[in-house]
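Participant: Okay, handing you the structure first.
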Amino acid sequence: MTYHVEVQFNPIHELMNSLHTFICKKSYKKIDLGSAWAKETESQLSAKLSSQLEETELNNDWKMIYLLIHLCPHKESIESVLKWIEGLSVGEIYESLSDYVKTFPSHMNDYRNRIIFLLSEWNLQYFSRCKPTMMDALHKHANDKKIELAQSPNNLSEFVNTTTNGFYFVPVEGLETLVLVPQYHFQPANIVYFYGKLTLCHYASRISLGDENDISPYMYRAIRSLGEKSRLKILQSLHGERKTFTEIVKNAGISKGIVHDHIFNLRCSGLLHAYIEGENVTDYSLRLEGIRHMNNQIFDYLQT
C-alpha cells in the first residue's frame, strides 16, 4: 500500500452524513433507519429548510462540502466548523479546494451561504436532538479503531478491509491519504468521495442502538442475504476469482438491476470484497471471513 491511512471522527461528520441520508431519497428502502425515519424527520423541519433540501442534489457541489469539512482545522464542534467556513473569503475557499479539485461550485459566495444555512438549520432542527448514545458509540468506535490502526502499521490493507467490512482501495496515481470516518445514519451503505490525492470513506460502523440481547441487524442481514438462490450462485462464482459487475451479470443470467440489488445486499453483509479505484468499484470477490464471522455470531447468539 502506497498511501497513508487515518481514522477520524467529529460531530460534524455525523451531522453531514445524517443530512446526506435524508437527501438521498432513493436509499430510504435500503438503509436501516428506513422511510419511517425520513417521514418523521421531515415532520420536524421548517418549510424553508424542507424547500432548500428538496432543491439540494448529491452532486459535485455536495461533494465539495465534505472536502471543506475535512480541510477545516477546527472540527472540535459543529459551531467551530460553521464559524470557520463563514469566515473564509471566496478566494480562500478557491485556494483551499484547488489542491484537490479542478472543478468548483459556481457563485461561490452564494454557495458558502447555502452551506452555512443547511448545516446550521439541520443541526438546530434535527441533529442536535439525536440521542447522545449514538454519538457516544461513534466516538468509542473511532477511538478503538485509532488504537487498532496504530497497532497495525504493517498490515494496513487488512485493517481497512476489516474496518469497512470488505473494501480494498486500489492505489491509484496521486492518491496519498485515505481517511476512514465511521457513520451511523447511512448504514448499511457507505459514502466514498475521491479528490485526487485524498479519498474520504464514511463507512457503515455496524453500530446498533437496540437492546444488546436482540439479534444484531448485521447478523440478521447476513443470514437473509443467503436466503436467495441467485445470491448463492453469485458468491460461488466469485470463489477464488475477482470479477467485474458485467462479468457477474453475464454469469448470473439475470437483469443488471436485480444483480445490482443482490450485490448491494451481499456487500453490506460483509460477504464480498469490493475493489475501489477512485470512487468506482471495479471488481468483486468472495469474502470468506464474512461467512466465518456470520457463523461465529450465530453460535454466540444461540449459546447466550
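In the C-alpha cells, chains take letters A, B, ... by order of appearance, with residues numbered from 1 within each chain and ligands from 1 in the order shown.
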Listing only residues of segment 14-126 of chain A within 9 Å of segment 180-198 of chain A, what is the closest atom pair and its distance in Å (to one decimal) for each, using only C-alpha atoms, sorted by chain and residue number ascending, as a Markdown table?

Facilitator:
| residue | atom | partner | partner_atom | distance |
| --- | --- | --- | --- | --- |
| A:Glu14 | CA | A:Gln183 | CA | 6.1 |
| A:Asn17 | CA | A:His185 | CA | 6.5 |
| A:Ser18 | CA | A:His185 | CA | 5.3 |
| A:Leu19 | CA | A:His185 | CA | 8.8 |
| A:His20 | CA | A:Phe186 | CA | 7.9 |
| A:Thr21 | CA | A:Phe186 | CA | 5.5 |
| A:Phe22 | CA | A:Phe186 | CA | 9.0 |
| A:Ser27 | CA | A:Phe186 | CA | 8.6 |
| A:Lys30 | CA | A:Pro188 | CA | 7.8 |
| A:Ile31 | CA | A:Gln187 | CA | 5.6 |
| A:Asp32 | CA | A:Gln187 | CA | 5.9 |
| A:Leu33 | CA | A:His185 | CA | 7.0 |
| A:Lys63 | CA | A:Tyr193 | CA | 7.0 |
| A:Tyr66 | CA | A:Tyr193 | CA | 8.3 |
| A:Leu67 | CA | A:Tyr195 | CA | 8.1 |
| A:Asp99 | CA | A:Lys197 | CA | 8.7 |
| A:Tyr100 | CA | A:Tyr195 | CA | 5.3 |
| A:Val101 | CA | A:Tyr195 | CA | 6.1 |

Participant: Nearest to Thr162 of chain A: which of A:Ser255, A:Ser96, A:Asn10, A:Ser205 is it, counting only C-alpha atoms?

Facilitator: A:Ser205

Participant: Quick one: residues within 12 Å of Asn123 of chain A, only C-alpha atoms, excluding same-chain residues fewer than 5 positions away - as number ranges by chain?

Facilitator: A: 11-19, 44-45, 49, 77-79, 82, 116-118, 128-130

Participant: If you keep C-alpha atoms, can you produce a file of those selected residues as a PDB file, in the first residue's frame?

Facilitator:
ATOM      1  CA  PRO A  11     -19.748  15.527  15.396  1.00  0.00           C
ATOM      2  CA  ILE A  12     -19.743  17.459  12.111  1.00  0.00           C
ATOM      3  CA  HIS A  13     -19.096  14.199  10.271  1.00  0.00           C
ATOM      4  CA  GLU A  14     -22.266  12.544  11.504  1.00  0.00           C
ATOM      5  CA  LEU A  15     -24.270  15.733  11.018  1.00  0.00           C
ATOM      6  CA  MET A  16     -23.164  15.732   7.388  1.00  0.00           C
ATOM      7  CA  ASN A  17     -23.880  12.032   6.954  1.00  0.00           C
ATOM      8  CA  SER A  18     -27.338  12.338   8.504  1.00  0.00           C
ATOM      9  CA  LEU A  19     -28.104  15.174   6.081  1.00  0.00           C
ATOM     10  CA  GLN A  44     -39.822  18.285  12.357  1.00  0.00           C
ATOM     11  CA  LEU A  45     -38.397  20.617   9.703  1.00  0.00           C
ATOM     12  CA  LEU A  49     -35.393  24.131   5.285  1.00  0.00           C
ATOM     13  CA  SER A  77     -17.569  21.273  17.452  1.00  0.00           C
ATOM     14  CA  ILE A  78     -20.184  21.902  14.788  1.00  0.00           C
ATOM     15  CA  GLU A  79     -20.163  25.592  15.669  1.00  0.00           C
ATOM     16  CA  LEU A  82     -19.521  26.708  10.691  1.00  0.00           C
ATOM     17  CA  ILE A 116     -23.961  27.540   6.380  1.00  0.00           C
ATOM     18  CA  PHE A 117     -27.764  27.672   6.229  1.00  0.00           C
ATOM     19  CA  LEU A 118     -28.199  23.946   5.529  1.00  0.00           C
ATOM     20  CA  SER A 128     -28.938  18.398  17.985  1.00  0.00           C
ATOM     21  CA  ARG A 129     -31.958  16.345  19.087  1.00  0.00           C
ATOM     22  CA  CYS A 130     -30.378  12.966  18.308  1.00  0.00           C
TER      23      CYS A 130
END

Participant: Need the shell around Arg112 of chain A: protein/DNA/RNA residues with any atom at most 12 Å away, counting only C-alpha atoms. Skip same-chain ones fewer than 5 positions apart. Format as a CSV table (one decimal) with all heavy atoms, in the first residue's frame?

Facilitator:
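File produced: result-v2.csv:
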chain,number,residue,atom,x,y,z
A,61,ASP,N,-21.2,19.8,-6.2
A,61,ASP,CA,-21.2,20.8,-5.2
A,61,ASP,C,-21.4,20.2,-3.8
A,61,ASP,O,-20.8,20.7,-2.8
A,61,ASP,CB,-22.4,21.8,-5.4
A,61,ASP,CG,-22.1,22.7,-6.6
A,61,ASP,OD1,-21.1,22.6,-7.2
A,61,ASP,OD2,-23.0,23.5,-6.9
A,62,TRP,N,-22.2,19.2,-3.7
A,62,TRP,CA,-22.3,18.5,-2.4
A,62,TRP,C,-21.0,17.8,-2.0
A,62,TRP,O,-20.6,17.9,-0.8
A,62,TRP,CB,-23.4,17.4,-2.5
A,62,TRP,CG,-23.7,16.7,-1.3
A,62,TRP,CD1,-23.3,15.4,-0.9
A,62,TRP,CD2,-24.4,17.2,-0.1
A,62,TRP,NE1,-23.8,15.1,0.3
A,62,TRP,CE2,-24.4,16.2,0.9
A,62,TRP,CE3,-25.1,18.4,0.2
A,62,TRP,CZ2,-25.0,16.3,2.1
A,62,TRP,CZ3,-25.7,18.6,1.4
A,62,TRP,CH2,-25.7,17.5,2.4
A,64,MET,N,-18.1,18.8,-2.6
A,64,MET,CA,-17.2,19.8,-2.1
A,64,MET,C,-17.4,20.1,-0.6
A,64,MET,O,-16.5,20.6,0.1
A,64,MET,CB,-17.3,21.0,-3.0
A,64,MET,CG,-16.8,20.9,-4.4
A,64,MET,SD,-15.1,20.3,-4.5
A,64,MET,CE,-15.4,18.6,-5.0
A,65,ILE,N,-18.6,20.0,-0.1
A,65,ILE,CA,-18.9,20.3,1.3
A,65,ILE,C,-18.1,19.3,2.2
A,65,ILE,O,-17.5,19.7,3.2
A,65,ILE,CB,-20.4,20.2,1.6
A,65,ILE,CG1,-21.2,21.1,0.7
A,65,ILE,CG2,-20.6,20.6,3.1
A,65,ILE,CD1,-22.7,21.1,1.0
A,68,LEU,N,-14.5,20.5,2.2
A,68,LEU,CA,-14.3,21.7,3.0
A,68,LEU,C,-14.3,21.3,4.5
A,68,LEU,O,-13.4,21.8,5.3
A,68,LEU,CB,-15.4,22.7,2.8
A,68,LEU,CG,-15.2,23.8,1.8
A,68,LEU,CD1,-16.4,24.7,1.7
A,68,LEU,CD2,-13.9,24.6,2.1
A,82,LEU,N,-18.7,25.7,11.4
A,82,LEU,CA,-19.5,26.7,10.7
A,82,LEU,C,-18.9,28.1,10.8
A,82,LEU,O,-18.9,28.8,9.8
A,82,LEU,CB,-20.9,26.8,11.3
A,82,LEU,CG,-21.8,25.5,11.1
A,82,LEU,CD1,-23.1,25.6,11.9
A,82,LEU,CD2,-22.1,25.3,9.7
A,83,LYS,N,-18.3,28.4,11.9
A,83,LYS,CA,-17.6,29.7,12.0
A,83,LYS,C,-16.4,29.8,11.1
A,83,LYS,O,-16.2,30.8,10.5
A,83,LYS,CB,-17.1,29.9,13.5
A,83,LYS,CG,-16.4,31.2,13.8
A,83,LYS,CD,-16.1,31.3,15.2
A,83,LYS,CE,-15.4,32.6,15.5
A,83,LYS,NZ,-15.0,32.8,16.9
A,84,TRP,N,-15.7,28.7,10.9
A,84,TRP,CA,-14.5,28.7,10.0
A,84,TRP,C,-15.0,28.9,8.6
A,84,TRP,O,-14.4,29.7,7.8
A,84,TRP,CB,-13.8,27.4,10.1
A,84,TRP,CG,-12.6,27.2,9.2
A,84,TRP,CD1,-11.4,27.8,9.4
A,84,TRP,CD2,-12.5,26.5,8.0
A,84,TRP,NE1,-10.5,27.5,8.3
A,84,TRP,CE2,-11.2,26.6,7.5
A,84,TRP,CE3,-13.4,25.6,7.4
A,84,TRP,CZ2,-10.8,26.0,6.3
A,84,TRP,CZ3,-13.0,25.0,6.2
A,84,TRP,CH2,-11.7,25.2,5.7
A,85,ILE,N,-16.0,28.2,8.1
A,85,ILE,CA,-16.5,28.3,6.7
A,85,ILE,C,-17.0,29.7,6.5
A,85,ILE,O,-16.7,30.3,5.5
A,85,ILE,CB,-17.6,27.2,6.5
A,85,ILE,CG1,-17.0,25.8,6.5
A,85,ILE,CG2,-18.2,27.5,5.1
A,85,ILE,CD1,-18.1,24.7,6.4
A,86,GLU,N,-17.7,30.2,7.5
A,86,GLU,CA,-18.3,31.6,7.3
A,86,GLU,C,-17.2,32.6,7.3
A,86,GLU,O,-17.4,33.6,6.6
A,86,GLU,CB,-19.2,31.9,8.5
A,86,GLU,CG,-20.0,33.1,8.4
A,86,GLU,CD,-21.0,33.3,9.5
A,86,GLU,OE1,-20.9,32.6,10.5
A,86,GLU,OE2,-21.9,34.2,9.4
A,87,GLY,N,-16.1,32.4,7.9
A,87,GLY,CA,-15.0,33.4,7.9
A,87,GLY,C,-14.1,33.3,6.7
A,87,GLY,O,-13.3,34.2,6.5
A,88,LEU,N,-14.3,32.3,5.9
A,88,LEU,CA,-13.5,32.2,4.7
A,88,LEU,C,-13.9,33.2,3.6
A,88,LEU,O,-15.1,33.4,3.3
A,88,LEU,CB,-13.6,30.8,4.1
A,88,LEU,CG,-12.9,29.6,4.8
A,88,LEU,CD1,-13.3,28.3,4.2
A,88,LEU,CD2,-11.4,29.8,4.9
A,89,SER,N,-12.9,33.8,3.0
A,89,SER,CA,-13.3,34.7,1.8
A,89,SER,C,-13.4,33.7,0.6
A,89,SER,O,-13.1,32.6,0.6
A,89,SER,CB,-12.1,35.6,1.5
A,89,SER,OG,-11.0,35.0,1.1
A,90,VAL,N,-14.1,34.3,-0.5
A,90,VAL,CA,-14.2,33.5,-1.7
A,90,VAL,C,-12.9,33.0,-2.2
A,90,VAL,O,-12.7,31.8,-2.6
A,90,VAL,CB,-15.0,34.3,-2.8
A,90,VAL,CG1,-14.9,33.6,-4.1
A,90,VAL,CG2,-16.4,34.5,-2.3
A,91,GLY,N,-11.9,33.9,-2.1
A,91,GLY,CA,-10.6,33.5,-2.6
A,91,GLY,C,-10.0,32.4,-1.8
A,91,GLY,O,-9.3,31.5,-2.3
A,92,GLU,N,-10.2,32.4,-0.5
A,92,GLU,CA,-9.6,31.4,0.4
A,92,GLU,C,-10.3,30.0,0.2
A,92,GLU,O,-9.7,29.0,0.3
A,92,GLU,CB,-9.8,31.8,1.9
A,92,GLU,CG,-8.9,32.9,2.3
A,92,GLU,CD,-9.2,33.5,3.7
A,92,GLU,OE1,-10.4,33.4,4.1
A,92,GLU,OE2,-8.3,34.0,4.3
A,93,ILE,N,-11.6,30.0,-0.2
A,93,ILE,CA,-12.3,28.8,-0.5
A,93,ILE,C,-11.7,28.2,-1.7
A,93,ILE,O,-11.4,27.0,-1.8
A,93,ILE,CB,-13.8,29.0,-0.7
A,93,ILE,CG1,-14.4,29.5,0.7
A,93,ILE,CG2,-14.5,27.7,-1.1
A,93,ILE,CD1,-15.9,29.8,0.6
A,94,TYR,N,-11.5,29.0,-2.8
A,94,TYR,CA,-10.9,28.5,-4.0
A,94,TYR,C,-9.5,28.0,-3.7
A,94,TYR,O,-9.1,26.9,-4.2
A,94,TYR,CB,-10.8,29.6,-5.1
A,94,TYR,CG,-12.0,29.9,-5.8
A,94,TYR,CD1,-12.7,31.1,-5.7
A,94,TYR,CD2,-12.6,28.9,-6.7
A,94,TYR,CE1,-13.9,31.3,-6.5
A,94,TYR,CE2,-13.7,29.1,-7.4
A,94,TYR,CZ,-14.4,30.3,-7.3
A,94,TYR,OH,-15.5,30.6,-8.0
A,104,PHE,N,-15.0,23.7,-9.6
A,104,PHE,CA,-15.5,24.4,-8.4
A,104,PHE,C,-17.0,24.8,-8.6
A,104,PHE,O,-17.5,24.9,-9.7
A,104,PHE,CB,-14.7,25.7,-8.2
A,104,PHE,CG,-13.2,25.5,-8.1
A,104,PHE,CD1,-12.4,25.6,-9.2
A,104,PHE,CD2,-12.6,25.1,-6.9
A,104,PHE,CE1,-11.1,25.4,-9.2
A,104,PHE,CE2,-11.3,24.9,-6.8
A,104,PHE,CZ,-10.5,25.0,-8.0
A,105,PRO,N,-17.7,24.9,-7.4
A,105,PRO,CA,-19.0,25.4,-7.4
A,105,PRO,C,-19.1,26.8,-8.0
A,105,PRO,O,-18.2,27.6,-7.8
A,105,PRO,CB,-19.4,25.4,-6.0
A,105,PRO,CG,-18.5,24.5,-5.3
A,105,PRO,CD,-17.2,24.6,-6.0
A,106,SER,N,-20.2,27.1,-8.8
A,106,SER,CA,-20.4,28.4,-9.3
A,106,SER,C,-21.0,29.3,-8.2
A,106,SER,O,-21.5,28.8,-7.3
A,106,SER,CB,-21.3,28.4,-10.5
A,106,SER,OG,-22.5,27.8,-10.2
A,107,HIS,N,-20.8,30.6,-8.4
A,107,HIS,CA,-21.3,31.6,-7.4
A,107,HIS,C,-20.9,31.2,-6.0
A,107,HIS,O,-21.7,30.9,-5.1
A,107,HIS,CB,-22.8,31.7,-7.5
A,107,HIS,CG,-23.3,31.9,-8.9
A,107,HIS,ND1,-23.1,33.1,-9.6
A,107,HIS,CD2,-24.0,31.1,-9.8
A,107,HIS,CE1,-23.6,33.0,-10.8
A,107,HIS,NE2,-24.2,31.8,-10.9
A,117,PHE,N,-26.3,27.8,5.9
A,117,PHE,CA,-27.8,27.7,6.2
A,117,PHE,C,-28.2,26.2,6.4
A,117,PHE,O,-28.8,25.9,7.4
A,117,PHE,CB,-28.6,28.3,5.1
A,117,PHE,CG,-30.1,28.1,5.3
A,117,PHE,CD1,-30.8,28.8,6.2
A,117,PHE,CD2,-30.7,27.0,4.6
A,117,PHE,CE1,-32.2,28.6,6.4
A,117,PHE,CE2,-32.1,26.8,4.8
A,117,PHE,CZ,-32.8,27.6,5.7
A,118,LEU,N,-27.8,25.4,5.5
A,118,LEU,CA,-28.2,23.9,5.5
A,118,LEU,C,-27.6,23.3,6.8
A,118,LEU,O,-28.4,22.6,7.5
A,118,LEU,CB,-27.7,23.2,4.3
A,118,LEU,CG,-28.5,23.5,3.0
A,118,LEU,CD1,-27.8,22.7,1.8
A,118,LEU,CD2,-29.9,23.2,3.1
A,119,LEU,N,-26.4,23.4,7.0
A,119,LEU,CA,-25.7,22.8,8.2
A,119,LEU,C,-26.2,23.3,9.5
A,119,LEU,O,-26.5,22.5,10.4
A,119,LEU,CB,-24.2,22.9,8.1
A,119,LEU,CG,-23.5,22.2,6.9
A,119,LEU,CD1,-22.0,22.3,7.0
A,119,LEU,CD2,-24.0,20.8,6.7

Participant: So which residues of segment 41-205 of chain A fall under strand (DSSP E or B) by DSSP, listed as a list of chain:residue names?

Facilitator: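 DSSP on the backbone gives strand (DSSP E or B) at A:Phe167, A:Tyr168, A:Phe169, A:Thr177, A:Leu178, A:Val179, A:Leu180, A:Val181, A:Pro182, A:Gln183, A:Ile191, A:Val192, A:Tyr193, A:Phe194, A:Leu198, A:Thr199, A:Leu200, A:Cys201, A:His202, A:Tyr203, A:Ala204.
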
Participant: Tell me, as a PDB file with N, CA and C atoms, in the first residue's frame, which residues lie within 9 Å of Asn251 of chain A, counting only C-alpha atoms; anything in the same chain fewer than 2 positions away does not count.

Facilitator:
ATOM      1  N   LYS A 233     -25.432 -18.281  -5.963  1.00  0.00           N
ATOM      2  CA  LYS A 233     -24.724 -18.539  -7.219  1.00  0.00           C
ATOM      3  C   LYS A 233     -23.668 -17.463  -7.469  1.00  0.00           C
ATOM      4  N   ILE A 234     -24.006 -16.213  -7.141  1.00  0.00           N
ATOM      5  CA  ILE A 234     -23.038 -15.126  -7.310  1.00  0.00           C
ATOM      6  C   ILE A 234     -21.830 -15.361  -6.416  1.00  0.00           C
ATOM      7  N   SER A 237     -19.665 -18.130  -7.767  1.00  0.00           N
ATOM      8  CA  SER A 237     -18.915 -17.750  -8.975  1.00  0.00           C
ATOM      9  C   SER A 237     -17.707 -16.888  -8.657  1.00  0.00           C
ATOM     10  N   THR A 246     -20.072  -6.511 -14.835  1.00  0.00           N
ATOM     11  CA  THR A 246     -20.534  -7.043 -16.116  1.00  0.00           C
ATOM     12  C   THR A 246     -20.346  -8.550 -16.190  1.00  0.00           C
ATOM     13  N   GLU A 247     -19.223  -9.030 -15.705  1.00  0.00           N
ATOM     14  CA  GLU A 247     -18.974 -10.473 -15.711  1.00  0.00           C
ATOM     15  C   GLU A 247     -19.938 -11.207 -14.776  1.00  0.00           C
ATOM     16  N   ILE A 248     -20.249 -10.599 -13.646  1.00  0.00           N
ATOM     17  CA  ILE A 248     -21.194 -11.218 -12.707  1.00  0.00           C
ATOM     18  C   ILE A 248     -22.579 -11.308 -13.334  1.00  0.00           C
ATOM     19  N   VAL A 249     -23.005 -10.228 -14.005  1.00  0.00           N
ATOM     20  CA  VAL A 249     -24.313 -10.217 -14.675  1.00  0.00           C
ATOM     21  C   VAL A 249     -24.375 -11.309 -15.735  1.00  0.00           C
ATOM     22  N   GLY A 253     -27.032 -14.532 -15.375  1.00  0.00           N
ATOM     23  CA  GLY A 253     -28.128 -14.735 -16.318  1.00  0.00           C
ATOM     24  C   GLY A 253     -29.413 -14.022 -15.929  1.00  0.00           C
ATOM     25  N   ILE A 254     -29.319 -12.953 -15.129  1.00  0.00           N
ATOM     26  CA  ILE A 254     -30.486 -12.163 -14.751  1.00  0.00           C
ATOM     27  C   ILE A 254     -30.193 -10.689 -15.026  1.00  0.00           C
TER      28      ILE A 254
END

Participant: For a quick check of understanding, using only C-alpha atoms, which of A:Ser285, A:Ser120, A:Asn155, A:Thr163 has the smallest distance to His202 of chain A?

Facilitator: A:Thr163

Participant: Let me make sure I understand: among A:Phe264, A:Tyr126, A:Tyr111, A:Phe299, which one has the smallest atom-to-atom distance to Thr56 of chain A if we use only C-alpha atoms?

Facilitator: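 Of A:Phe264, A:Tyr126, A:Tyr111, A:Phe299, the one nearest Thr56 of chain A, counting only C-alpha atoms, is A:Tyr111.
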
Participant: Using only C-alpha atoms, can you tell me which of A:Ile115, A:Val7, A:Ile69, A:Ile298 comes closest to Ser216 of chain A?

Facilitator: A:Ile298
